[in-house]
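*Asks:* One structure is given below, represented as structure tokens, and several questions about it will come after.
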Amino acid sequence: MNNSFIWRDVRLLPIVHNRVEFALEVRRQFDEFRPDAVTVEFPPTLKEKIIKAVERLPLLSVVFYEDSEGIFVYLPLEPTDPQVEAVRLATERGIPVHFIDRDTDDYPIDISSLPDSYAIKRIGHFLYCDAYLKTMPPSLLPDDILREKQMAYELQRLESSGQRIMHVGGLSHLPGILEMLDRPQTRVIGRCRREGVGLAHLDAESSREVLSEMPFLMAAYERARNEGKLESLDRMELNSSLISLAEENYWKNSKERLTSVQRRILFKFARNYALVTGCLVPSFYQLIVAARGASEDNFAYEVWDKGSEYPWQTENPELPVLYLEGEDLYLDHKKIHFHRRIKSMRRRLVAVPVKKRKREKYPGEWKSKFKGLAICSYPPEDVAIEGYGHYLKKKAIEIKSEGNARVEPFTSSLLDGIDLRETVRNWSEGRIYVRSDRPIRGKVGSVVVIFDPDRPDREGKELFPWCVTWLGEHDQESDMAFYSTPAGEVMDGPGISRCQYGGFMLTYPPMRVYDIWKDPFFDEAGDKPERLLMAAIDYSTETHVVYVAATPPSGLCRGLAAATGKKIAYLPIGAFSPVTLKKLRQFHVLEGHHVRRYAKTYI
């Protein structure tokens with residue numbers, strides 16, 4: 001069985017415009033059929049400019065002209081368009097290429113939907129097209145009939161020369177052309193020349209908006225084409241690669257990471273969104289919406305930024321630069337607004353004099369001058385972290401007391417009050433239950449919060465390699481030990497470095513803690529969270545130690561607590577506000593106490 005559409009020495013290759021799967025099919029059938037000439041569904045009036053645009057690839061071009069009603073028509077030439085790929089292959093291999101479509105003004109905008117082109121990766125090109133032809137009737141529009149007659153005439157004329165012809169054209173025109181090829185056709189009257197056809201370079205910002213395929217996918221196609229690896233190109237795998245790349249930038253710019261749960265939700269949401277819209281693979285827009293739903297606007301912005309980036313740009317295109325918007329091409333675009341966490345001042349009716357914050361004289365100036373020899377903390381952040389430590393202590397005592405309470409039927413005393421929940425639960429008994437609160441002995445001496453266990457990956461790389469012990473500066477501050485991102489890596493001002501905690505330990509009273517990261521007493525610890533908890537137990541002057549983390553304390557730490565007469569109050573980190581925790585994770589390291597005088601203008 002020949003899985004292709006053949007008429008004599010002409011192979012007709014139906015395509016869906018601007019879809020990468022069909023561009024891949026064009027290349028496959030081109031190598032398989034080895035044609036003597038190629039025909040495409042472009043009018044000959046645009047041939048000169050389209051050939052020049054294809055020769056400029058991977059730089060992006062737009063062919064434009066003014067129609068009979070004075071409306072400008074724009075035709076972006078994209079590397080993933082199957083017709084562009086056909087012209088490109090023919091010109092690269094010295095094969096004649098013929099533009100055989102009819103030049104038509106006022107052609108109606110086609111808004112008909114087609115099955116997802118990704119199906120070709122699973123069922124093949126022939127079965128995809130065959131299923132479409134069995135379900136969709138041929139077009140009866142007068143302009144379409146004239147165009148198909150013209151293309152059928154040109155194919156008959158070229159075939160009579162004895163050449164092997166490969167025709168690349170729209171799938172919807174295939175039934176009409178096949179029917180007309182069996183009858184002699186004549187040239188259709190139409191425009192033979194068009195004045196004022198221009199060629200322009202597509203503006204870099206416009207390429208983020210008006211391209212049919214995702215620019216990230218186009219870039220991957222161009223790289224694979226240059227390396228001869230087009231067979232391995234897969235839209236679904238590229239979507240996954242885009243999310244991974246966005247995650248790297250999310251960590252780099254926001255010092256945040258997606259959890260495994262968030263990643264699973266993202267892909268599940270994107271898949272379901274695609275299915276309800278009749279697609280097999282999520283579109284670029286659907287990926288962005290899923291990214292925002294699973295995480296936040298900052299991460300969704302990273303997905304958009306990397307997905308809409310087309311790397312082949314130039315500042316000297318040697319052509320006029322054309323700026324286009326989706327409305328210029330009558331695209332069915334969807335808008336999405338990112339509410340990123342960027343500090344800004346609200347516009348006021350009366351101008352308020354504001355001193356502008358100083359900027360670096362050159363990129364990396366602040367980082368190059370940061371030595372980190374005499375560092376200190378930023379006092380407002382110290383107050384915030386101490387306040388949260390007190391909150392955790394109070395919360396732990398409340399939870400412990402709640403579990404230590406006793407409920408019993410009322411006899412002669414109300415004790416600590418009526419327990420309404422138990423009374424209602426046993427209402428059928430006709431009895432009242434009262435509550436007896438038994439206070440917890442001892443207080444909380446140390447607090448440990450673990451945001452990320454920071455276990456090294458296969459290459460031994462750690463995300464939070466900076467391990468520090470800080471002593472309280474006065475009797476209102478605790479001693480602190482933590483591990484975080486390195487100081488001096490991200491700068492917010494001269495001598496002001498922004499870091500992020502992986503985990504920290506607070507213990508009161510201050511001025512008692514030796515550097516726990518060098519203390520051999522804690523060398524038995526298997527990782528950083530375990531070392532922090534062991535130090536919290538050892539330095540706690542009270543009975544209880546609060547441990548906030550995703551997983552319970554290890555057996556080693558529980559054994560140390562039992563041996564020293566301490567008790568660990570474990571609180572799952574998921575029980576606390578992620579918004580508050582995200583704010584607490586970020587802190588600043590100042591290069592000396594003198595920096596505190598101006599730090600507030602930068603932080």
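Simple scheme: letters A, B, ... for chains in structure tokens order, numbers from 1 for residues in each chain, numbers from 1 for ligands in the order shown.
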Residues near A:Pro552, anyone? I mean within 9 Å using only C-alpha atoms, not counting same-chain ones fewer than 6 positions away, as an MDAnalysis selection string.
*Replies:* chainID A and resid 570:572
*Asks:* If you measure from atom CA of A:Thr423 to atom CA of A:Asp437, what distance in Å do you get, rounded to one decimal?
*Replies:* 16.5 Å
*Asks:* Using only C-alpha atoms, which protein or nucleic acid residues come within 8 Å of A:Pro82? Drop anything in the same chain fewer than 4 positions from it, and give the result as a VMD selection string.
*Replies:* chain A and resid 15 to 20 22 to 24 26 86 168
*Asks:* Could you write out, as a ChimeraX atom specification, all the residues of stretch 184-370 of chain A that DSSP marks as strand (DSSP E or B)?
*Replies:* /A:198-202,321-322
*Asks:* Which one of A:His167, A:His201, A:Arg88, A:Lys47 sits closest to A:Leu60 if you count only C-alpha atoms?
*Replies:*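 Answer, going by the shortest atom-to-atom distance: A:His201.
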*Asks:* Using only C-alpha atoms, determine which residues lie at most 10 Å from stretch 226-239 of chain A, disregarding the query and same-chain residues fewer than 3 positions distant; provide the list as number ranges by chain.
*Replies:* A: 20-21, 24-25, 27-28, 118, 121, 214, 216-217, 220-223, 242-245, 267, 280-284, 287, 303, 307
*Asks:* Figure out the distance between atom CA of A:Glu530 and atom CA of A:Gly488, please, to one decimal in Å.
*Replies:* 26.5 Å
*Asks:* Figure out the distance between atom CA of A:Pro115 and atom CA of A:Leu141, please, to one decimal in Å.
*Replies:*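 Atom CA of A:Pro115 lies at a distance of 21.8 Å from atom CA of A:Leu141.
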